[in-house]
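With compact mmCIF, N, CA and C atoms inside, this is model.txt:
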```txt
# COMPACT_ATOMS: atom_id res chain seq x y z
N MET Q 1 -22.07 -8.19 -1.70
CA MET Q 1 -20.76 -7.59 -1.50
C MET Q 1 -19.79 -8.26 -2.47
N ALA Q 2 -19.04 -7.44 -3.17
CA ALA Q 2 -18.08 -7.93 -4.16
C ALA Q 2 -16.65 -7.90 -3.61
N VAL Q 3 -15.81 -8.73 -4.20
CA VAL Q 3 -14.39 -8.70 -3.90
C VAL Q 3 -13.74 -7.75 -4.89
N ARG Q 4 -12.98 -6.80 -4.38
CA ARG Q 4 -12.29 -5.81 -5.21
C ARG Q 4 -10.82 -5.76 -4.81
N ALA Q 5 -10.02 -5.10 -5.62
CA ALA Q 5 -8.61 -4.88 -5.31
C ALA Q 5 -8.35 -3.39 -5.36
N VAL Q 6 -7.55 -2.92 -4.45
CA VAL Q 6 -7.18 -1.50 -4.41
C VAL Q 6 -5.66 -1.42 -4.29
N ARG Q 7 -5.08 -0.49 -5.04
CA ARG Q 7 -3.63 -0.33 -5.10
C ARG Q 7 -3.21 0.97 -4.43
N GLY Q 8 -1.94 1.01 -4.07
CA GLY Q 8 -1.37 2.22 -3.53
C GLY Q 8 0.13 2.12 -3.47
N ALA Q 9 0.78 3.26 -3.34
CA ALA Q 9 2.24 3.29 -3.22
C ALA Q 9 2.67 4.59 -2.57
N VAL Q 10 3.85 4.53 -1.98
CA VAL Q 10 4.47 5.71 -1.39
C VAL Q 10 5.98 5.57 -1.57
N GLN Q 11 6.64 6.69 -1.84
CA GLN Q 11 8.09 6.70 -1.91
C GLN Q 11 8.63 7.23 -0.59
N LEU Q 12 9.52 6.47 0.02
CA LEU Q 12 10.14 6.89 1.27
C LEU Q 12 11.29 7.84 0.99
N GLU Q 13 11.53 8.73 1.93
CA GLU Q 13 12.67 9.64 1.81
C GLU Q 13 13.98 8.96 2.18
N ARG Q 14 13.88 7.95 3.07
CA ARG Q 14 15.07 7.25 3.54
C ARG Q 14 14.67 5.85 4.03
N ASP Q 15 15.64 4.97 4.08
CA ASP Q 15 15.41 3.61 4.56
C ASP Q 15 15.65 3.56 6.06
N GLU Q 16 14.60 3.86 6.80
CA GLU Q 16 14.66 3.90 8.26
C GLU Q 16 13.35 3.32 8.78
N ALA Q 17 13.42 2.41 9.73
CA ALA Q 17 12.23 1.69 10.20
C ALA Q 17 11.10 2.63 10.65
N GLY Q 18 11.40 3.62 11.45
CA GLY Q 18 10.36 4.53 11.93
C GLY Q 18 9.72 5.31 10.80
N HIS Q 19 10.52 5.73 9.84
CA HIS Q 19 10.01 6.46 8.68
C HIS Q 19 9.13 5.55 7.83
N MET Q 20 9.58 4.31 7.61
CA MET Q 20 8.77 3.36 6.84
C MET Q 20 7.43 3.14 7.53
N ASP Q 21 7.46 2.92 8.84
CA ASP Q 21 6.23 2.69 9.59
C ASP Q 21 5.27 3.86 9.41
N ASP Q 22 5.76 5.07 9.57
CA ASP Q 22 4.93 6.26 9.44
C ASP Q 22 4.33 6.37 8.04
N GLN Q 23 5.15 6.20 7.02
CA GLN Q 23 4.68 6.38 5.64
C GLN Q 23 3.71 5.28 5.22
N VAL Q 24 3.97 4.04 5.62
CA VAL Q 24 3.07 2.94 5.26
C VAL Q 24 1.75 3.07 6.01
N ARG Q 25 1.80 3.52 7.26
CA ARG Q 25 0.55 3.77 8.00
C ARG Q 25 -0.27 4.85 7.30
N GLN Q 26 0.38 5.93 6.87
CA GLN Q 26 -0.34 6.99 6.16
C GLN Q 26 -0.97 6.46 4.88
N LEU Q 27 -0.24 5.65 4.14
CA LEU Q 27 -0.75 5.10 2.89
C LEU Q 27 -1.93 4.17 3.15
N LEU Q 28 -1.79 3.26 4.07
CA LEU Q 28 -2.87 2.31 4.36
C LEU Q 28 -4.10 3.03 4.91
N THR Q 29 -3.89 4.01 5.77
CA THR Q 29 -5.01 4.79 6.30
C THR Q 29 -5.72 5.55 5.18
N ALA Q 30 -4.97 6.13 4.27
CA ALA Q 30 -5.57 6.86 3.14
C ALA Q 30 -6.37 5.91 2.24
N ILE Q 31 -5.86 4.72 2.01
CA ILE Q 31 -6.59 3.74 1.20
C ILE Q 31 -7.91 3.40 1.86
N LEU Q 32 -7.88 3.14 3.16
CA LEU Q 32 -9.11 2.80 3.87
C LEU Q 32 -10.09 3.97 3.86
N GLU Q 33 -9.62 5.16 4.21
CA GLU Q 33 -10.51 6.33 4.30
C GLU Q 33 -11.11 6.70 2.95
N ARG Q 34 -10.30 6.76 1.91
CA ARG Q 34 -10.80 7.18 0.59
C ARG Q 34 -11.78 6.20 -0.03
N ASN Q 35 -11.77 4.96 0.47
CA ASN Q 35 -12.68 3.96 -0.05
C ASN Q 35 -13.79 3.61 0.94
N GLY Q 36 -13.85 4.35 2.05
CA GLY Q 36 -14.89 4.10 3.06
C GLY Q 36 -14.80 2.71 3.67
N LEU Q 37 -13.57 2.25 3.91
CA LEU Q 37 -13.34 0.90 4.41
C LEU Q 37 -12.92 0.89 5.87
N THR Q 38 -13.10 -0.25 6.51
CA THR Q 38 -12.54 -0.51 7.83
C THR Q 38 -11.68 -1.77 7.71
N ALA Q 39 -10.98 -2.09 8.76
CA ALA Q 39 -10.14 -3.29 8.76
C ALA Q 39 -10.97 -4.55 8.50
N ASP Q 40 -12.24 -4.54 8.91
CA ASP Q 40 -13.11 -5.70 8.67
C ASP Q 40 -13.39 -5.94 7.19
N ASP Q 41 -13.19 -4.92 6.35
CA ASP Q 41 -13.42 -5.07 4.92
C ASP Q 41 -12.21 -5.66 4.18
N LEU Q 42 -11.08 -5.75 4.87
CA LEU Q 42 -9.87 -6.28 4.25
C LEU Q 42 -9.90 -7.80 4.22
N ILE Q 43 -9.58 -8.36 3.06
CA ILE Q 43 -9.45 -9.82 2.92
C ILE Q 43 -7.99 -10.21 3.09
N SER Q 44 -7.11 -9.54 2.37
CA SER Q 44 -5.67 -9.77 2.48
C SER Q 44 -4.94 -8.56 1.90
N VAL Q 45 -3.68 -8.41 2.29
CA VAL Q 45 -2.89 -7.28 1.81
C VAL Q 45 -1.49 -7.76 1.44
N TRP Q 46 -1.08 -7.43 0.21
CA TRP Q 46 0.29 -7.66 -0.26
C TRP Q 46 1.04 -6.34 -0.16
N PHE Q 47 2.22 -6.40 0.40
CA PHE Q 47 3.12 -5.26 0.44
C PHE Q 47 4.36 -5.64 -0.37
N THR Q 48 4.82 -4.73 -1.21
CA THR Q 48 6.11 -4.94 -1.85
C THR Q 48 6.99 -3.74 -1.56
N ALA Q 49 8.28 -3.98 -1.57
CA ALA Q 49 9.25 -2.92 -1.34
C ALA Q 49 10.35 -3.06 -2.39
N THR Q 50 10.86 -1.94 -2.82
CA THR Q 50 11.97 -1.98 -3.77
C THR Q 50 13.20 -2.56 -3.06
N PRO Q 51 14.15 -3.12 -3.82
CA PRO Q 51 15.29 -3.81 -3.22
C PRO Q 51 16.20 -2.94 -2.35
N ASP Q 52 16.04 -1.63 -2.42
CA ASP Q 52 16.87 -0.74 -1.61
C ASP Q 52 16.30 -0.49 -0.21
N LEU Q 53 15.19 -1.12 0.13
CA LEU Q 53 14.58 -0.97 1.45
C LEU Q 53 14.84 -2.22 2.28
N HIS Q 54 15.51 -2.05 3.42
CA HIS Q 54 15.90 -3.18 4.26
C HIS Q 54 15.56 -2.99 5.74
N SER Q 55 15.07 -1.83 6.12
CA SER Q 55 14.97 -1.48 7.54
C SER Q 55 13.85 -2.19 8.30
N ASP Q 56 12.79 -2.59 7.61
CA ASP Q 56 11.66 -3.21 8.32
C ASP Q 56 10.73 -3.85 7.30
N PHE Q 57 9.79 -4.63 7.81
CA PHE Q 57 8.73 -5.20 6.99
C PHE Q 57 7.60 -4.18 6.88
N PRO Q 58 7.17 -3.82 5.68
CA PRO Q 58 6.05 -2.87 5.56
C PRO Q 58 4.79 -3.35 6.28
N ALA Q 59 4.58 -4.65 6.34
CA ALA Q 59 3.38 -5.18 7.00
C ALA Q 59 3.34 -4.86 8.49
N ALA Q 60 4.49 -4.61 9.08
CA ALA Q 60 4.53 -4.27 10.51
C ALA Q 60 3.71 -3.01 10.78
N ALA Q 61 3.66 -2.09 9.83
CA ALA Q 61 2.86 -0.87 10.00
C ALA Q 61 1.38 -1.20 10.11
N ALA Q 62 0.91 -2.17 9.33
CA ALA Q 62 -0.50 -2.56 9.40
C ALA Q 62 -0.81 -3.16 10.76
N ARG Q 63 0.08 -3.99 11.25
CA ARG Q 63 -0.13 -4.57 12.58
C ARG Q 63 -0.18 -3.45 13.62
N GLY Q 64 0.64 -2.43 13.44
CA GLY Q 64 0.64 -1.29 14.35
C GLY Q 64 -0.65 -0.50 14.34
N LEU Q 65 -1.38 -0.59 13.21
CA LEU Q 65 -2.69 0.07 13.11
C LEU Q 65 -3.80 -0.79 13.69
N GLY Q 66 -3.46 -1.98 14.18
CA GLY Q 66 -4.47 -2.86 14.76
C GLY Q 66 -5.04 -3.86 13.77
N ILE Q 67 -4.47 -3.94 12.60
CA ILE Q 67 -4.93 -4.92 11.60
C ILE Q 67 -4.20 -6.22 11.91
N VAL Q 68 -4.83 -7.04 12.75
CA VAL Q 68 -4.16 -8.22 13.27
C VAL Q 68 -4.76 -9.54 12.80
N ASP Q 69 -5.97 -9.52 12.24
CA ASP Q 69 -6.59 -10.77 11.82
C ASP Q 69 -6.77 -10.84 10.30
N VAL Q 70 -5.93 -10.12 9.58
CA VAL Q 70 -5.96 -10.10 8.12
C VAL Q 70 -4.63 -10.67 7.63
N PRO Q 71 -4.66 -11.61 6.68
CA PRO Q 71 -3.40 -12.12 6.14
C PRO Q 71 -2.63 -11.02 5.43
N LEU Q 72 -1.35 -10.88 5.80
CA LEU Q 72 -0.45 -9.90 5.21
C LEU Q 72 0.78 -10.62 4.69
N ILE Q 73 1.36 -10.12 3.62
CA ILE Q 73 2.60 -10.70 3.12
C ILE Q 73 3.45 -9.59 2.51
N CYS Q 74 4.76 -9.75 2.64
CA CYS Q 74 5.71 -8.80 2.05
C CYS Q 74 6.52 -9.51 0.99
N ALA Q 75 6.85 -8.77 -0.06
CA ALA Q 75 7.69 -9.31 -1.13
C ALA Q 75 8.57 -8.18 -1.65
N GLN Q 76 9.56 -8.55 -2.43
CA GLN Q 76 10.46 -7.57 -3.00
C GLN Q 76 10.08 -7.31 -4.46
N GLU Q 77 10.07 -6.04 -4.83
CA GLU Q 77 9.83 -5.64 -6.22
C GLU Q 77 11.00 -6.07 -7.09
N LEU Q 78 10.76 -6.15 -8.38
CA LEU Q 78 11.84 -6.41 -9.32
C LEU Q 78 12.85 -5.27 -9.28
N ASP Q 79 14.10 -5.60 -9.48
CA ASP Q 79 15.18 -4.60 -9.48
C ASP Q 79 15.39 -4.13 -10.92
N ILE Q 80 14.61 -3.17 -11.34
CA ILE Q 80 14.62 -2.68 -12.72
C ILE Q 80 15.43 -1.38 -12.78
N ALA Q 81 16.35 -1.33 -13.71
CA ALA Q 81 17.17 -0.12 -13.87
C ALA Q 81 16.27 1.08 -14.16
N GLY Q 82 16.51 2.17 -13.46
CA GLY Q 82 15.75 3.40 -13.67
C GLY Q 82 14.43 3.47 -12.92
N ALA Q 83 14.07 2.41 -12.19
CA ALA Q 83 12.81 2.43 -11.43
C ALA Q 83 12.91 3.41 -10.26
N LEU Q 84 11.77 3.93 -9.86
CA LEU Q 84 11.71 4.84 -8.72
C LEU Q 84 12.23 4.12 -7.47
N PRO Q 85 13.20 4.71 -6.76
CA PRO Q 85 13.76 4.04 -5.57
C PRO Q 85 12.89 4.22 -4.33
N ARG Q 86 13.13 3.37 -3.34
CA ARG Q 86 12.55 3.46 -2.00
C ARG Q 86 11.01 3.51 -2.02
N VAL Q 87 10.41 2.60 -2.76
CA VAL Q 87 8.96 2.59 -2.90
C VAL Q 87 8.35 1.37 -2.21
N VAL Q 88 7.30 1.61 -1.45
CA VAL Q 88 6.47 0.55 -0.88
C VAL Q 88 5.14 0.59 -1.62
N ARG Q 89 4.73 -0.57 -2.11
CA ARG Q 89 3.45 -0.69 -2.81
C ARG Q 89 2.52 -1.58 -2.00
N ILE Q 90 1.23 -1.35 -2.17
CA ILE Q 90 0.20 -2.15 -1.51
C ILE Q 90 -0.80 -2.62 -2.56
N LEU Q 91 -1.19 -3.88 -2.44
CA LEU Q 91 -2.31 -4.44 -3.19
C LEU Q 91 -3.22 -5.08 -2.15
N ALA Q 92 -4.35 -4.46 -1.90
CA ALA Q 92 -5.28 -4.95 -0.89
C ALA Q 92 -6.51 -5.55 -1.56
N HIS Q 93 -6.88 -6.74 -1.13
CA HIS Q 93 -8.12 -7.36 -1.58
C HIS Q 93 -9.16 -7.02 -0.53
N ILE Q 94 -10.30 -6.51 -1.00
CA ILE Q 94 -11.31 -5.99 -0.08
C ILE Q 94 -12.69 -6.51 -0.44
N GLU Q 95 -13.61 -6.39 0.51
CA GLU Q 95 -15.02 -6.59 0.25
C GLU Q 95 -15.64 -5.20 0.21
N SER Q 96 -16.34 -4.91 -0.89
CA SER Q 96 -16.91 -3.57 -1.06
C SER Q 96 -18.07 -3.61 -2.04
N ASP Q 97 -19.01 -2.71 -1.81
CA ASP Q 97 -20.10 -2.54 -2.76
C ASP Q 97 -19.75 -1.54 -3.85
N LEU Q 98 -18.58 -0.91 -3.76
CA LEU Q 98 -18.17 0.05 -4.78
C LEU Q 98 -17.94 -0.65 -6.12
N PRO Q 99 -18.40 -0.05 -7.21
CA PRO Q 99 -18.02 -0.60 -8.52
C PRO Q 99 -16.52 -0.38 -8.75
N LYS Q 100 -15.94 -1.20 -9.60
CA LYS Q 100 -14.49 -1.08 -9.87
C LYS Q 100 -14.10 0.34 -10.24
N SER Q 101 -14.95 1.01 -11.00
CA SER Q 101 -14.64 2.35 -11.48
C SER Q 101 -14.58 3.39 -10.35
N GLU Q 102 -15.10 3.07 -9.19
CA GLU Q 102 -15.11 4.01 -8.07
C GLU Q 102 -14.08 3.70 -6.99
N ILE Q 103 -13.30 2.65 -7.19
CA ILE Q 103 -12.24 2.33 -6.24
C ILE Q 103 -11.18 3.43 -6.31
N ALA Q 104 -10.80 3.97 -5.17
CA ALA Q 104 -9.78 5.02 -5.12
C ALA Q 104 -8.42 4.40 -4.84
N HIS Q 105 -7.58 4.36 -5.86
CA HIS Q 105 -6.21 3.90 -5.72
C HIS Q 105 -5.39 5.10 -5.24
N VAL Q 106 -4.49 4.88 -4.30
CA VAL Q 106 -3.83 5.98 -3.62
C VAL Q 106 -2.31 5.92 -3.84
N TYR Q 107 -1.79 6.95 -4.45
CA TYR Q 107 -0.35 7.08 -4.69
C TYR Q 107 0.10 8.38 -4.06
N LEU Q 108 0.85 8.28 -2.98
CA LEU Q 108 1.24 9.46 -2.21
C LEU Q 108 2.60 10.01 -2.64
N GLY Q 109 2.72 11.32 -2.57
CA GLY Q 109 3.99 11.98 -2.85
C GLY Q 109 4.52 11.65 -4.23
N ALA Q 110 5.82 11.42 -4.31
CA ALA Q 110 6.47 11.16 -5.59
C ALA Q 110 6.00 9.87 -6.24
N ALA Q 111 5.39 8.98 -5.47
CA ALA Q 111 4.88 7.73 -6.04
C ALA Q 111 3.72 7.97 -7.01
N ALA Q 112 3.14 9.16 -6.99
CA ALA Q 112 2.06 9.48 -7.93
C ALA Q 112 2.55 9.37 -9.38
N THR Q 113 3.84 9.50 -9.60
CA THR Q 113 4.37 9.38 -10.97
C THR Q 113 4.28 7.95 -11.49
N LEU Q 114 4.09 6.99 -10.60
CA LEU Q 114 4.02 5.59 -11.04
C LEU Q 114 2.74 5.30 -11.82
N ARG Q 115 1.65 5.92 -11.44
CA ARG Q 115 0.37 5.69 -12.10
C ARG Q 115 -0.40 6.98 -12.24
N LYS Q 116 0.08 7.83 -13.13
CA LYS Q 116 -0.58 9.13 -13.34
C LYS Q 116 -2.02 8.95 -13.81
N ASP Q 117 -2.32 7.80 -14.41
CA ASP Q 117 -3.66 7.56 -14.91
C ASP Q 117 -4.68 7.33 -13.80
N ILE Q 118 -4.23 6.86 -12.61
CA ILE Q 118 -5.20 6.59 -11.55
C ILE Q 118 -4.83 7.24 -10.22
N ALA Q 119 -3.69 7.86 -10.12
CA ALA Q 119 -3.30 8.49 -8.85
C ALA Q 119 -4.24 9.62 -8.50
N GLN Q 120 -4.48 9.77 -7.21
CA GLN Q 120 -5.42 10.80 -6.77
C GLN Q 120 -4.73 11.83 -5.93
```
What would the structure in this file look like if it were written as structure tokens?
Amino acid sequence: MAVRAVRGAVQLERDEAGHMDDQVRQLLTAILERNGLTADDLISVWFTATPDLHSDFPAAAARGLGIVDVPLICAQELDIAGALPRVVRILAHIESDLPKSEIAHVYLGAAATLRKDIAQ
């Protein structure tokens, strides 16, 4: 079993805790499903949020999905002029037999513009 990294992002419509929870749960669930993963395959997960998001910690959504024994951390993205607003990103370290070329990185909604080369 190899250690791999999988990326994802979602743009929120508004900075509201319930909305963030829903969107981050959808993103994390899509990452797990598209890569054939379970919570047991997660090593750690980094969440970042753009500086305009203040309503909640994105990692709270993972805890709400029952991911309770995986190290999670939240950080703030750089405040770059012209960057896509209201974005939560995920970088998950996983154990998987998938080759790097088969890892499905997930960019939902408008966040797909961030990585047109790998968004699905």
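Atom C of Q:Asp15 is positioned 17.0 Å from atom C of Q:Leu108.
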Using only C-alpha atoms, can you tell me which of Q:Gly82, Q:Gly66, Q:Pro71, Q:Pro99 comes closest to Q:Trp46? Q:Pro71
Using only C-alpha atoms, which protein or nucleic acid residues come within 10 Å of Q:Val45? Drop anything in the same chain fewer than 6 positions from it, and give the result as a PyMOL selection string. chain Q and resi 5-7+28+59+62+70-74+90-94
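With only N, CA and C atoms as the atoms that count, the minimum distance from Q:Arg14 to the choices Q:Ile31, Q:Leu65, Q:Ile43, Q:Leu53 is reached by Q:Leu53.
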Based on the backbone DSSP call, show me all residues of stretch 1-116 of chain Q assigned strand (DSSP E), as a PyMOL selection string. chain Q and resi 2-11+42-49+72-76+87-96+106-108
Can you tell me, as an NGL selection string, which residues sit within 10 Å of (-17.3, -2.1, -6.3) in the file's frame, using only C-alpha atoms? :Q and (1-5 or 35 or 94-103)
Output the selection as an mmCIF file, keeping the file's coordinate frame - N, CA and C atoms for each residue.
```cif
data_model
loop_
_atom_site.group_PDB
_atom_site.id
_atom_site.type_symbol
_atom_site.label_atom_id
_atom_site.label_comp_id
_atom_site.auth_asym_id
_atom_site.auth_seq_id
_atom_site.Cartn_x
_atom_site.Cartn_y
_atom_site.Cartn_z
ATOM 1 N N MET Q 1 -22.070 -8.190 -1.700
ATOM 2 C CA MET Q 1 -20.760 -7.590 -1.500
ATOM 3 C C MET Q 1 -19.790 -8.260 -2.470
ATOM 4 N N ALA Q 2 -19.040 -7.440 -3.170
ATOM 5 C CA ALA Q 2 -18.080 -7.930 -4.160
ATOM 6 C C ALA Q 2 -16.650 -7.900 -3.610
ATOM 7 N N VAL Q 3 -15.810 -8.730 -4.200
ATOM 8 C CA VAL Q 3 -14.390 -8.700 -3.900
ATOM 9 C C VAL Q 3 -13.740 -7.750 -4.890
ATOM 10 N N ARG Q 4 -12.980 -6.800 -4.380
ATOM 11 C CA ARG Q 4 -12.290 -5.810 -5.210
ATOM 12 C C ARG Q 4 -10.820 -5.760 -4.810
ATOM 13 N N ALA Q 5 -10.020 -5.100 -5.620
ATOM 14 C CA ALA Q 5 -8.610 -4.880 -5.310
ATOM 15 C C ALA Q 5 -8.350 -3.390 -5.360
ATOM 16 N N ASN Q 35 -11.770 4.960 0.470
ATOM 17 C CA ASN Q 35 -12.680 3.960 -0.050
ATOM 18 C C ASN Q 35 -13.790 3.610 0.940
ATOM 19 N N ILE Q 94 -10.300 -6.510 -1.000
ATOM 20 C CA ILE Q 94 -11.310 -5.990 -0.080
ATOM 21 C C ILE Q 94 -12.690 -6.510 -0.440
ATOM 22 N N GLU Q 95 -13.610 -6.390 0.510
ATOM 23 C CA GLU Q 95 -15.020 -6.590 0.250
ATOM 24 C C GLU Q 95 -15.640 -5.200 0.210
ATOM 25 N N SER Q 96 -16.340 -4.910 -0.890
ATOM 26 C CA SER Q 96 -16.910 -3.570 -1.060
ATOM 27 C C SER Q 96 -18.070 -3.610 -2.040
ATOM 28 N N ASP Q 97 -19.010 -2.710 -1.810
ATOM 29 C CA ASP Q 97 -20.100 -2.540 -2.760
ATOM 30 C C ASP Q 97 -19.750 -1.540 -3.850
ATOM 31 N N LEU Q 98 -18.580 -0.910 -3.760
ATOM 32 C CA LEU Q 98 -18.170 0.050 -4.780
ATOM 33 C C LEU Q 98 -17.940 -0.650 -6.120
ATOM 34 N N PRO Q 99 -18.400 -0.050 -7.210
ATOM 35 C CA PRO Q 99 -18.020 -0.600 -8.520
ATOM 36 C C PRO Q 99 -16.520 -0.380 -8.750
ATOM 37 N N LYS Q 100 -15.940 -1.200 -9.600
ATOM 38 C CA LYS Q 100 -14.490 -1.080 -9.870
ATOM 39 C C LYS Q 100 -14.100 0.340 -10.240
ATOM 40 N N SER Q 101 -14.950 1.010 -11.000
ATOM 41 C CA SER Q 101 -14.640 2.350 -11.480
ATOM 42 C C SER Q 101 -14.580 3.390 -10.350
ATOM 43 N N GLU Q 102 -15.100 3.070 -9.190
ATOM 44 C CA GLU Q 102 -15.110 4.010 -8.070
ATOM 45 C C GLU Q 102 -14.080 3.700 -6.990
ATOM 46 N N ILE Q 103 -13.300 2.650 -7.190
ATOM 47 C CA ILE Q 103 -12.240 2.330 -6.240
ATOM 48 C C ILE Q 103 -11.180 3.430 -6.310
#
```
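Picture a line from atom CA of Q:Gln23 to atom CA of Q:Arg63; it runs 13.8 Å.
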Identify which of the residues Q:Gly64, Q:Phe57, Q:Leu12, Q:Asp69 lies closest to Q:Ser44, counting all atoms listed in the file when measuring atom-to-atom distances. Q:Asp69
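Note that the spacing between atom C of Q:Gly36 and atom N of Q:Ala104 amounts to 9.8 Å.
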